[in-house]
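Below: the structure, in structure tokens.
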Protein chains: 4
Amino acid sequence: MAPHDVQNQPDHRRIPIQKVGVKNIKYPIIVLDKKNKIQHTIATFNMYVGLPHQFKGTHMSRFVEILNDYRQGIDMRNLSDVLTKMKTSLNAESAHVEIEFPYFIEKTAPVSKAASLMEYTCRFIGSMEGDEKAKLTVGIDVPVTTLCPCSKSISDKGAHNQRSLVSVRLRIKKFFWIEDIIVLIEESASAPVYALLKRKDEKFLTEQAYENPLFVEDIVRTIAEKLNADGNVTWFSVESENMESIHNHNAYAMVLKNGRRE
Amino acid sequence: MAPHDVQNQPDHRRIPIQKVGVKNIKYPIIVLDKKNKIQHTIATFNMYVGLPHQFKGTHMSRFVEILNDYRQGIDMRNLSDVLTKMKTSLNAESAHVEIEFPYFIEKTAPVSKAASLMEYTCRFIGSMEGDEKAKLTVGIDVPVTTLCPCSKSISDKGAHNQRSLVSVRLRIKKFFWIEDIIVLIEESASAPVYALLKRKDEKFLTEQAYENPLFVEDIVRTIAEKLNADGNVTWFSVESENMESIHNHNAYAMVLKNGRRE
Amino acid sequence: MAPHDVQNQPDHRRIPIQKVGVKNIKYPIIVLDKKNKIQHTIATFNMYVGLPHQFKGTHMSRFVEILNDYRQGIDMRNLSDVLTKMKTSLNAESAHVEIEFPYFIEKTAPVSKAASLMEYTCRFIGSMEGDEKAKLTVGIDVPVTTLCPCSKSISDKGAHNQRSLVSVRLRIKKFFWIEDIIVLIEESASAPVYALLKRKDEKFLTEQAYENPLFVEDIVRTIAEKLNADGNVTWFSVESENMESIHNHNAYAMVLKNGRRE
Amino acid sequence: MAPHDVQNQPDHRRIPIQKVGVKNIKYPIIVLDKKNKIQHTIATFNMYVGLPHQFKGTHMSRFVEILNDYRQGIDMRNLSDVLTKMKTSLNAESAHVEIEFPYFIEKTAPVSKAASLMEYTCRFIGSMEGDEKAKLTVGIDVPVTTLCPCSKSISDKGAHNQRSLVSVRLRIKKFFWIEDIIVLIEESASAPVYALLKRKDEKFLTEQAYENPLFVEDIVRTIAEKLNADGNVTWFSVESENMESIHNHNAYAMVLKNGRRE
């Protein structure tokens with residue numbers, strides 16, 4: 001052992017470390033885009049490996065080297081390669097990566113057809129244990145409108161409504177387009193939200209939301225019902241957080257597929 | 001000079017420092033409460049002094065000593081003492097303090113009269129230059145409901161509405177109760193928000209908001225008009241940020257008294 | 001059924017909801033304090049119940065009523081009562097509460113003995129399923145200093161060091177004082193941090209940190225070793241996030257008791 | 001006037017609004033890059049106009065249309081066009097835009113020459129009043145290492161050091177490369193920070209920081225001195241916030257060119 005190779009010294013406490021690595025590092029990456037083939041975005045990475053009990057430390061710089069190698073294209077299909085590379089490069093038995101990035105999709109307003117970009121937050125979370133196949137979870141956050149059925153039912157006029165953030169996490173068998181899940185979620189809300197709306201769109205969406213009142217419980221159930229019917233999704237969680245216009249706190253609901261934790 | 005008294009060494013670059021000190025330190029404090037006399041809260045402090053060009057450094061520990069001395073009672077009236085103490089203790093010609101804290105007021109729901117505590121964010125910002133009198137600015141953030149007049153006007157049913165955050169900053173001549181400004185702001189919104197509402201309250205507030213549609217422009221103007229009429233307020237800014245239920249971004253407006261910056 | 005009692009309507013989708021309730025509501029509470037008996041603080045609450053598949057909705061206002069009832073004293077011992085009350089009041093089979101609050105402890109600087117308050121973030125997380133006993137997890141975040149052994153070993157002079165945030169989560173058999181766990185963590189770091197230090201304290205702590213270099217892996221193992229030896233702790237996680245002074249990202253490590261998830 | 005054109009109705013309160021528009025909207029944009037010609041990034045926009053007292057409301061959708069028009073290339077030179085377009089499109093007498101985005105530059109480690117991308121936060125802030133020329137302020141945040149001179153001076157071994165965030169805001173006469181200001185700032189710190197460092201780089205930087213101790217006061221003065229000498233910079237502010245490794249709060253200093261506010 002070189003005199004200064006402190007990380008490679010033995011450790012005698014017999015405590016393996018489940019995750020060690022770099023956290024909250026931002027890097028520009030290229031991801032797949034259903035319509036435009038690729039999309040440039042900026043991701044926040046957490047990259048960890050498991051460290052067996054007999055080793056004192058890991059090699060932090062190698063995580064960033066791997067990030068450099070893959071930044072020209074990271075997707076659901078090659079995340080397994082990233083994890084394998086992490087295991088090999090760091091002599092580890094397990095590897096774990098979390099990638100969060102904004103993803104933009106062009107949407108057209110419902111009546112005026114005015115085009116604009118909507119931002120969604122996406123996450124790829126991958127784990128690899130020993131020689132097992134990588135486990136991949138995809139997360140998507142979709143802002144929507146919800147309108148309260150109780151408020152509509154009891155009030156002579158109007159109904160309180162608000163921006164809500166729906167978050168799904170999906171464990172899947174094979175590649176799917178994030179765009180398709182976003183459509184599924186937006187169609188389950190009282191109304192979708194847009195970056196650009198003209199007056200006739202605003203009329204359309206106000207009335208659409210009023211016709212489709214949903215409790216926070218309803219929106220997570222509606223989405224869960226659809227995901228239950230999707231054979232590609234082996235596990236999911238669905239959450240909704242409604243920034244209620246009548247309170248300074250949020251209403252929240254969460255459903256897990258078959259009530260099971262991931 | 002003691003060999004290690006690095007901060008007291010001279011500096012030759014002829015550059016005075018407008019603000020130097022401690023930032024983002026949290027401390028429990030006691031503030032005045034109109035109904036209950038005192039209120040325990042937890043504040044985030046920024047404390048700075050001006051450093052003349054000939055001195056190399058300030059003494060960071062003294063800021064925290066002053067914090068310790070005053071934490072049993074900080075209010076609009078003794079903030080001037082805090083600033084004087086900062087100037088004296090740090091041999092400075094100017095002092096600046098920013099204090100932000102949550103403040104709770106018991107509110108009763110409009111119909112059920114159910115009681116609960118609402119949280120507001122308050123700020124005391126004080127500056128003292130040389131021998132001048134301290135300048136004090138008080139900031140208050142009040143969450144409210146706003147309902148869109150355009151959406152109401154063009155839609156057959158319903159209207160989009162949302163939680164909005166109104167923020168005022170006031171420069172005042174003499175002590176006032178934060179509680180009174182909060183009432184002024186809540187009465188200027190489409191409806192106030194509450195922590196606890198029963199069903200009959202929800203009906204009342206839904207209808208109240210529907211009857212009082214306000215653009216983001218309207219709410220800041222309504223509040224500005226009232227503050228213009230208050231002789232104790234020598235300067236103000238009023239901002240509102242509406243977390244629109246039909247967009248993933250916010251609508252914003254700001255008015256300054258007579259269009260002047262602070 | 002009353003015509004407007006929308007929440008009590010049946011739901012036919014056969015999807016139970018694991019968690020539904022209020023999120024991110026702030027409330028002033030009183031907690032236990034080892035030295036001063038009680039401490040006033042301000043907590044952020046998430047309060048959820050499980051909703052059986054046959055019910056359409058829950059009653060959000062009842063969570064806030066319970067909050068009101070217990071705010072004069074919430075601790076590890078009565079959290080079970082809060083959960084039982086949530087189950088009863090909302091006719092639910094399970095209840096879940098998350099409470100996060102700043103907690104202040106007076107510390108004396110190591111040499112000057114100057115006294116100041118240090119802020120720690122604490123969490124109580126409680127769950128109750130059916131007639132089972134409540135499960136309680138306590139979380140504590142402790143900021144400390146870490147100094148890099150590799151940097152010290154390879155450099156002729158100095159060593160990079162930084163503020164680190166150690167977070168533990170503990171499942172315990174019976175009541176313990178948060179203060180004792182904080183001491184355990186601070187003694188496991190390169191050095192503790194303080195709000196108020198005089199020059200002689202700064203010398204002491206600089207030298208203490210230099211004498212106690214620790215990788216992020218070391219600090220979580222040292223704490224895990226001590227918690228493994230504590231018979232009251234039936235499960236734990238230990239994390240450390242080091243805001244490294246040589247990078248713009250953080251080094252991170254996590255150990256779970258016996259490698260098991262909670 | 002169309003019956004529903006609520007925004008165009010007159011207002012009789014005689015209160016002009018200094019800023020009204022959209023806040024916190026994220027959009028992918030392309031910016032200039034000194035080395036690679038262009039860089040894809042994701043920006044957060046605030047876009048406001050002034051609203052004369054006689055008009056009730058502005059047209060929020062037009063801000064997003066302008067965003068769409070310019071997203072293929074926004075830089076210091078065409079920000080004036082964006083502001084003019086805002087004024088014209090919204091019939092306003094003043095326009096204000098704030099754009100914040102992460103910007104990445106490839107850096108090579110000092111000894112190993114390993115290449116990686118460092119993230120900096122940049123801001124373009126532009127204002128146009130009436131027929132006056134646009135005022136442009138550029139903001140840049142640069143993370144660096146600082147090492148405490150007092151701690152070094154009084155301690156037998158080592159010295160506390162930490163990550164610091166230096167923020168400059170510059171008002172300039174003509175286009176400049178952000179890259180050049182970043183070099184100026186990094187050369188003014190105890191040491192620069194990198195995303196990727198090998199062991200020999202870590203030794204180099206540890207020793208470099210130890211040889212260049214700087215108070216928070218020193219770093220802002222050193223940068224101010226250099227900016228004072230730059231004829232292209234007509235106004236600046238320099239701030240540094242040091243996340244001190246011995247405290248849980250930050251040390252802060254700020255210098256304004258000639259002590260003047262912007």
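Just remember, in the structure tokens the first chain shown is A, the second B, etc., residues are 1-based per chain, and ligands are 1-based in the order shown.
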
Compile the contact shell of segment 147-150 of chain A as a list in words: residues with an atom at most 9 Å away, counting only C-alpha atoms, same-chain residues fewer than 3 positions apart removed.
Ser153, Ile154, Ser155, Ala159, His160, Asn161, Gln162, Ala189, Ser190, Ala191, Ala209, Tyr210, Glu211, Asn212, Pro213, Leu214, Phe215 and Val216 of chain A; His160, Arg199, Glu202 and Lys203 of chain B; His4, Asp5, Val6 and Gln7 of chain C

Could you name the residues that touch His53 of chain C at 7 Å or less, counting only C-alpha atoms, but leaving out those on the same chain fewer than 2 positions away, as a PyMOL selection string?
chain C and resi 11+14-17+51+55

Take the residues from that selection and write them out as a PDB file, in the first residue's frame, keeping all heavy atoms.
ATOM      1  N   ASP C  11     -67.304   4.556  -2.594  1.00  0.00           N
ATOM      2  CA  ASP C  11     -66.419   4.536  -3.759  1.00  0.00           C
ATOM      3  C   ASP C  11     -66.361   3.092  -4.243  1.00  0.00           C
ATOM      4  O   ASP C  11     -66.282   2.158  -3.441  1.00  0.00           O
ATOM      5  CB  ASP C  11     -65.026   5.045  -3.384  1.00  0.00           C
ATOM      6  CG  ASP C  11     -64.212   5.392  -4.618  1.00  0.00           C
ATOM      7  OD1 ASP C  11     -63.717   4.455  -5.289  1.00  0.00           O
ATOM      8  OD2 ASP C  11     -64.095   6.582  -4.927  1.00  0.00           O
ATOM      9  N   ARG C  14     -62.517   0.020  -5.502  1.00  0.00           N
ATOM     10  CA  ARG C  14     -61.805  -0.998  -4.728  1.00  0.00           C
ATOM     11  C   ARG C  14     -60.311  -0.684  -4.555  1.00  0.00           C
ATOM     12  O   ARG C  14     -59.471  -1.587  -4.572  1.00  0.00           O
ATOM     13  CB  ARG C  14     -61.997  -2.401  -5.329  1.00  0.00           C
ATOM     14  CG  ARG C  14     -63.457  -2.757  -5.566  1.00  0.00           C
ATOM     15  CD  ARG C  14     -63.674  -4.249  -5.698  1.00  0.00           C
ATOM     16  NE  ARG C  14     -63.289  -4.982  -4.498  1.00  0.00           N
ATOM     17  CZ  ARG C  14     -64.016  -5.028  -3.367  1.00  0.00           C
ATOM     18  NH1 ARG C  14     -65.177  -4.400  -3.294  1.00  0.00           N
ATOM     19  NH2 ARG C  14     -63.571  -5.700  -2.324  1.00  0.00           N
ATOM     20  N   ILE C  15     -60.008   0.580  -4.377  1.00  0.00           N
ATOM     21  CA  ILE C  15     -58.609   0.972  -4.167  1.00  0.00           C
ATOM     22  C   ILE C  15     -58.486   1.677  -2.814  1.00  0.00           C
ATOM     23  O   ILE C  15     -58.893   2.827  -2.667  1.00  0.00           O
ATOM     24  CB  ILE C  15     -58.111   1.909  -5.294  1.00  0.00           C
ATOM     25  CG1 ILE C  15     -58.213   1.195  -6.642  1.00  0.00           C
ATOM     26  CG2 ILE C  15     -56.679   2.366  -5.029  1.00  0.00           C
ATOM     27  CD1 ILE C  15     -57.789   2.035  -7.840  1.00  0.00           C
ATOM     28  N   PRO C  16     -57.915   0.990  -1.814  1.00  0.00           N
ATOM     29  CA  PRO C  16     -57.680   1.671  -0.532  1.00  0.00           C
ATOM     30  C   PRO C  16     -56.564   2.707  -0.704  1.00  0.00           C
ATOM     31  O   PRO C  16     -55.694   2.564  -1.557  1.00  0.00           O
ATOM     32  CB  PRO C  16     -57.233   0.543   0.394  1.00  0.00           C
ATOM     33  CG  PRO C  16     -56.685  -0.499  -0.507  1.00  0.00           C
ATOM     34  CD  PRO C  16     -57.434  -0.392  -1.812  1.00  0.00           C
ATOM     35  N   ILE C  17     -56.618   3.754   0.123  1.00  0.00           N
ATOM     36  CA  ILE C  17     -55.600   4.805   0.078  1.00  0.00           C
ATOM     37  C   ILE C  17     -54.738   4.670   1.328  1.00  0.00           C
ATOM     38  O   ILE C  17     -55.248   4.675   2.439  1.00  0.00           O
ATOM     39  CB  ILE C  17     -56.282   6.182  -0.016  1.00  0.00           C
ATOM     40  CG1 ILE C  17     -56.956   6.302  -1.390  1.00  0.00           C
ATOM     41  CG2 ILE C  17     -55.283   7.312   0.213  1.00  0.00           C
ATOM     42  CD1 ILE C  17     -57.701   7.598  -1.612  1.00  0.00           C
ATOM     43  N   LEU C  51     -57.358   5.133   4.257  1.00  0.00           N
ATOM     44  CA  LEU C  51     -58.778   5.203   3.915  1.00  0.00           C
ATOM     45  C   LEU C  51     -59.171   3.897   3.223  1.00  0.00           C
ATOM     46  O   LEU C  51     -58.641   3.579   2.160  1.00  0.00           O
ATOM     47  CB  LEU C  51     -59.032   6.398   2.987  1.00  0.00           C
ATOM     48  CG  LEU C  51     -60.489   6.692   2.637  1.00  0.00           C
ATOM     49  CD1 LEU C  51     -61.234   7.285   3.836  1.00  0.00           C
ATOM     50  CD2 LEU C  51     -60.564   7.658   1.448  1.00  0.00           C
ATOM     51  N   PHE C  55     -64.732   3.934   1.073  1.00  0.00           N
ATOM     52  CA  PHE C  55     -65.074   5.320   1.398  1.00  0.00           C
ATOM     53  C   PHE C  55     -64.469   6.298   0.397  1.00  0.00           C
ATOM     54  O   PHE C  55     -63.324   6.150  -0.016  1.00  0.00           O
ATOM     55  CB  PHE C  55     -64.597   5.683   2.808  1.00  0.00           C
ATOM     56  CG  PHE C  55     -65.290   4.893   3.878  1.00  0.00           C
ATOM     57  CD1 PHE C  55     -64.561   4.077   4.739  1.00  0.00           C
ATOM     58  CD2 PHE C  55     -66.676   4.949   4.020  1.00  0.00           C
ATOM     59  CE1 PHE C  55     -65.190   3.340   5.724  1.00  0.00           C
ATOM     60  CE2 PHE C  55     -67.309   4.210   5.010  1.00  0.00           C
ATOM     61  CZ  PHE C  55     -66.566   3.389   5.858  1.00  0.00           C
TER      62      PHE C  55
END

At a cut-off of 8 Å, list the chain B residues touching chain D, using only C-alpha atoms, as a ChimeraX atom specification.
/B:4-7,13,15-25,56-57,60,149-150,153-154,215,217-218,221,224-225,241,248-256,259

Please list as an MDAnalysis selection string every residue within 6 Å of segment 92-107 of chain C, counting only C-alpha atoms and excluding residues in the same chain fewer than 3 positions away.
chainID C and resid 42:50 83 87 115:130

Determine which residues of segment 70-116 of chain C receive a DSSP assignment of strand (DSSP E or B), computed from the backbone, and state them as an MDAnalysis selection string.
chainID C and resid 94:108 115:116

As a compact mmCIF listing (two decimals) with all heavy atoms, in the first residue's frame, please: the residues near Arg163 of chain B (cut-off 6 Å, only C-alpha atoms, same-chain neighbours under 3 positions excluded).
# COMPACT_ATOMS: atom_id res chain seq x y z
N SER A 245 -56.65 26.42 -2.14
CA SER A 245 -56.78 27.88 -2.18
C SER A 245 -57.46 28.43 -0.92
O SER A 245 -57.42 29.64 -0.69
CB SER A 245 -57.56 28.32 -3.42
OG SER A 245 -58.85 27.78 -3.43
N VAL B 144 -53.65 34.42 1.14
CA VAL B 144 -55.09 34.70 0.94
C VAL B 144 -55.59 33.90 -0.27
O VAL B 144 -54.82 33.23 -0.94
CB VAL B 144 -55.33 36.21 0.67
CG1 VAL B 144 -54.90 37.07 1.85
CG2 VAL B 144 -54.63 36.65 -0.61
N THR B 145 -56.89 33.98 -0.51
CA THR B 145 -57.47 33.44 -1.74
C THR B 145 -57.73 34.58 -2.72
O THR B 145 -58.22 35.63 -2.32
CB THR B 145 -58.84 32.79 -1.44
OG1 THR B 145 -58.68 31.79 -0.45
CG2 THR B 145 -59.43 32.16 -2.69
N MET B 243 -50.46 31.84 -7.03
CA MET B 243 -50.06 30.52 -7.53
C MET B 243 -51.16 29.95 -8.41
O MET B 243 -51.88 29.02 -8.02
CB MET B 243 -49.73 29.61 -6.34
CG MET B 243 -48.41 29.99 -5.68
SD MET B 243 -48.34 29.57 -3.91
CE MET B 243 -48.90 31.15 -3.19

At what distance in Å, to one decimal, does atom CA of Asp131 of chain D lie from atom CA of Gln54 of chain D?
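Between atom CA of Gln54 of chain D and atom CA of Asp131 of chain D the gap works out to 20.2 Å.
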
Check segment 7-254 of chain C with DSSP on the backbone and list each residue it calls alpha helix (DSSP H), as a ChimeraX atom specification.
/C:60-70,79-89,149-154,178-186,199-211,216-228

Name the residues in contact with Lys37 of chain A at a cut-off of 12 Å, using only C-alpha atoms, excluding same-chain residues fewer than 3 positions from it; report them as a PyMOL selection string.
chain A and resi 30-34+40+73+75+177

Write a file of the just-selected residues containing all heavy atoms, as a PDB file, in the first residue's frame.
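Output below, filename result.pdb:
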ATOM      1  N   ILE A  30     -27.995  14.775 -21.897  1.00  0.00           N
ATOM      2  CA  ILE A  30     -28.930  14.647 -23.015  1.00  0.00           C
ATOM      3  C   ILE A  30     -29.806  13.432 -22.746  1.00  0.00           C
ATOM      4  O   ILE A  30     -29.311  12.362 -22.392  1.00  0.00           O
ATOM      5  CB  ILE A  30     -28.164  14.500 -24.345  1.00  0.00           C
ATOM      6  CG1 ILE A  30     -27.405  15.799 -24.642  1.00  0.00           C
ATOM      7  CG2 ILE A  30     -29.119  14.172 -25.496  1.00  0.00           C
ATOM      8  CD1 ILE A  30     -26.476  15.719 -25.842  1.00  0.00           C
ATOM      9  N   VAL A  31     -31.126  13.624 -22.865  1.00  0.00           N
ATOM     10  CA  VAL A  31     -32.069  12.524 -22.649  1.00  0.00           C
ATOM     11  C   VAL A  31     -32.905  12.316 -23.921  1.00  0.00           C
ATOM     12  O   VAL A  31     -32.912  13.158 -24.821  1.00  0.00           O
ATOM     13  CB  VAL A  31     -32.991  12.791 -21.437  1.00  0.00           C
ATOM     14  CG1 VAL A  31     -32.185  12.859 -20.138  1.00  0.00           C
ATOM     15  CG2 VAL A  31     -33.810  14.060 -21.622  1.00  0.00           C
ATOM     16  N   LEU A  32     -33.598  11.182 -23.986  1.00  0.00           N
ATOM     17  CA  LEU A  32     -34.455  10.892 -25.140  1.00  0.00           C
ATOM     18  C   LEU A  32     -35.719  11.746 -25.101  1.00  0.00           C
ATOM     19  O   LEU A  32     -36.246  12.043 -24.035  1.00  0.00           O
ATOM     20  CB  LEU A  32     -34.856   9.422 -25.130  1.00  0.00           C
ATOM     21  CG  LEU A  32     -33.727   8.418 -25.350  1.00  0.00           C
ATOM     22  CD1 LEU A  32     -34.283   7.001 -25.277  1.00  0.00           C
ATOM     23  CD2 LEU A  32     -33.048   8.654 -26.689  1.00  0.00           C
ATOM     24  N   ASP A  33     -36.229  12.074 -26.296  1.00  0.00           N
ATOM     25  CA  ASP A  33     -37.433  12.903 -26.432  1.00  0.00           C
ATOM     26  C   ASP A  33     -38.295  12.233 -27.502  1.00  0.00           C
ATOM     27  O   ASP A  33     -37.837  11.976 -28.615  1.00  0.00           O
ATOM     28  CB  ASP A  33     -36.969  14.317 -26.844  1.00  0.00           C
ATOM     29  CG  ASP A  33     -38.107  15.305 -27.011  1.00  0.00           C
ATOM     30  OD1 ASP A  33     -39.083  14.971 -27.717  1.00  0.00           O
ATOM     31  OD2 ASP A  33     -38.014  16.408 -26.453  1.00  0.00           O
ATOM     32  N   LYS A  34     -39.546  11.951 -27.168  1.00  0.00           N
ATOM     33  CA  LYS A  34     -40.412  11.194 -28.085  1.00  0.00           C
ATOM     34  C   LYS A  34     -40.599  11.915 -29.423  1.00  0.00           C
ATOM     35  O   LYS A  34     -40.603  11.283 -30.474  1.00  0.00           O
ATOM     36  CB  LYS A  34     -41.782  10.985 -27.428  1.00  0.00           C
ATOM     37  CG  LYS A  34     -42.680  10.014 -28.197  1.00  0.00           C
ATOM     38  CD  LYS A  34     -44.023   9.802 -27.479  1.00  0.00           C
ATOM     39  CE  LYS A  34     -44.857   8.757 -28.213  1.00  0.00           C
ATOM     40  NZ  LYS A  34     -46.170   8.560 -27.561  1.00  0.00           N
ATOM     41  N   HIS A  40     -31.862  18.429 -24.435  1.00  0.00           N
ATOM     42  CA  HIS A  40     -30.809  18.866 -23.515  1.00  0.00           C
ATOM     43  C   HIS A  40     -31.450  19.248 -22.192  1.00  0.00           C
ATOM     44  O   HIS A  40     -32.405  20.026 -22.174  1.00  0.00           O
ATOM     45  CB  HIS A  40     -30.086  20.092 -24.072  1.00  0.00           C
ATOM     46  CG  HIS A  40     -29.329  19.825 -25.328  1.00  0.00           C
ATOM     47  ND1 HIS A  40     -27.995  19.533 -25.328  1.00  0.00           N
ATOM     48  CD2 HIS A  40     -29.732  19.775 -26.623  1.00  0.00           C
ATOM     49  CE1 HIS A  40     -27.589  19.337 -26.579  1.00  0.00           C
ATOM     50  NE2 HIS A  40     -28.625  19.477 -27.390  1.00  0.00           N
ATOM     51  N   GLY A  73     -25.789  10.957 -23.208  1.00  0.00           N
ATOM     52  CA  GLY A  73     -27.032  10.212 -23.421  1.00  0.00           C
ATOM     53  C   GLY A  73     -27.314   9.281 -22.259  1.00  0.00           C
ATOM     54  O   GLY A  73     -26.652   8.258 -22.085  1.00  0.00           O
ATOM     55  N   ASP A  75     -30.541   7.250 -20.474  1.00  0.00           N
ATOM     56  CA  ASP A  75     -31.959   6.930 -20.596  1.00  0.00           C
ATOM     57  C   ASP A  75     -32.267   5.659 -19.811  1.00  0.00           C
ATOM     58  O   ASP A  75     -31.382   5.071 -19.180  1.00  0.00           O
ATOM     59  CB  ASP A  75     -32.361   6.802 -22.073  1.00  0.00           C
ATOM     60  CG  ASP A  75     -31.611   5.692 -22.783  1.00  0.00           C
ATOM     61  OD1 ASP A  75     -31.773   4.502 -22.389  1.00  0.00           O
ATOM     62  OD2 ASP A  75     -30.860   5.990 -23.724  1.00  0.00           O
ATOM     63  N   TRP A 177     -42.401   5.719 -22.926  1.00  0.00           N
ATOM     64  CA  TRP A 177     -42.211   7.160 -23.092  1.00  0.00           C
ATOM     65  C   TRP A 177     -42.859   7.897 -21.920  1.00  0.00           C
ATOM     66  O   TRP A 177     -44.037   7.716 -21.631  1.00  0.00           O
ATOM     67  CB  TRP A 177     -42.824   7.632 -24.417  1.00  0.00           C
ATOM     68  CG  TRP A 177     -42.024   7.195 -25.606  1.00  0.00           C
ATOM     69  CD1 TRP A 177     -42.347   6.222 -26.504  1.00  0.00           C
ATOM     70  CD2 TRP A 177     -40.746   7.702 -26.006  1.00  0.00           C
ATOM     71  NE1 TRP A 177     -41.357   6.094 -27.442  1.00  0.00           N
ATOM     72  CE2 TRP A 177     -40.352   6.994 -27.159  1.00  0.00           C
ATOM     73  CE3 TRP A 177     -39.877   8.696 -25.501  1.00  0.00           C
ATOM     74  CZ2 TRP A 177     -39.151   7.227 -27.816  1.00  0.00           C
ATOM     75  CZ3 TRP A 177     -38.668   8.920 -26.170  1.00  0.00           C
ATOM     76  CH2 TRP A 177     -38.317   8.199 -27.311  1.00  0.00           C
TER      77      TRP A 177
END

Could you tell me how far atom CA of Gln9 of chain A sits from atom CA of Lys198 of chain D, in Å to one decimal place?
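The value is 17.6 Å.
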
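Shortest separation to Phe176 of chain C among C:Asp230, C:Asp201, C:Asp81, C:Glu244 occurs at residue C:Asp230, atoms counted being only C-alpha atoms.
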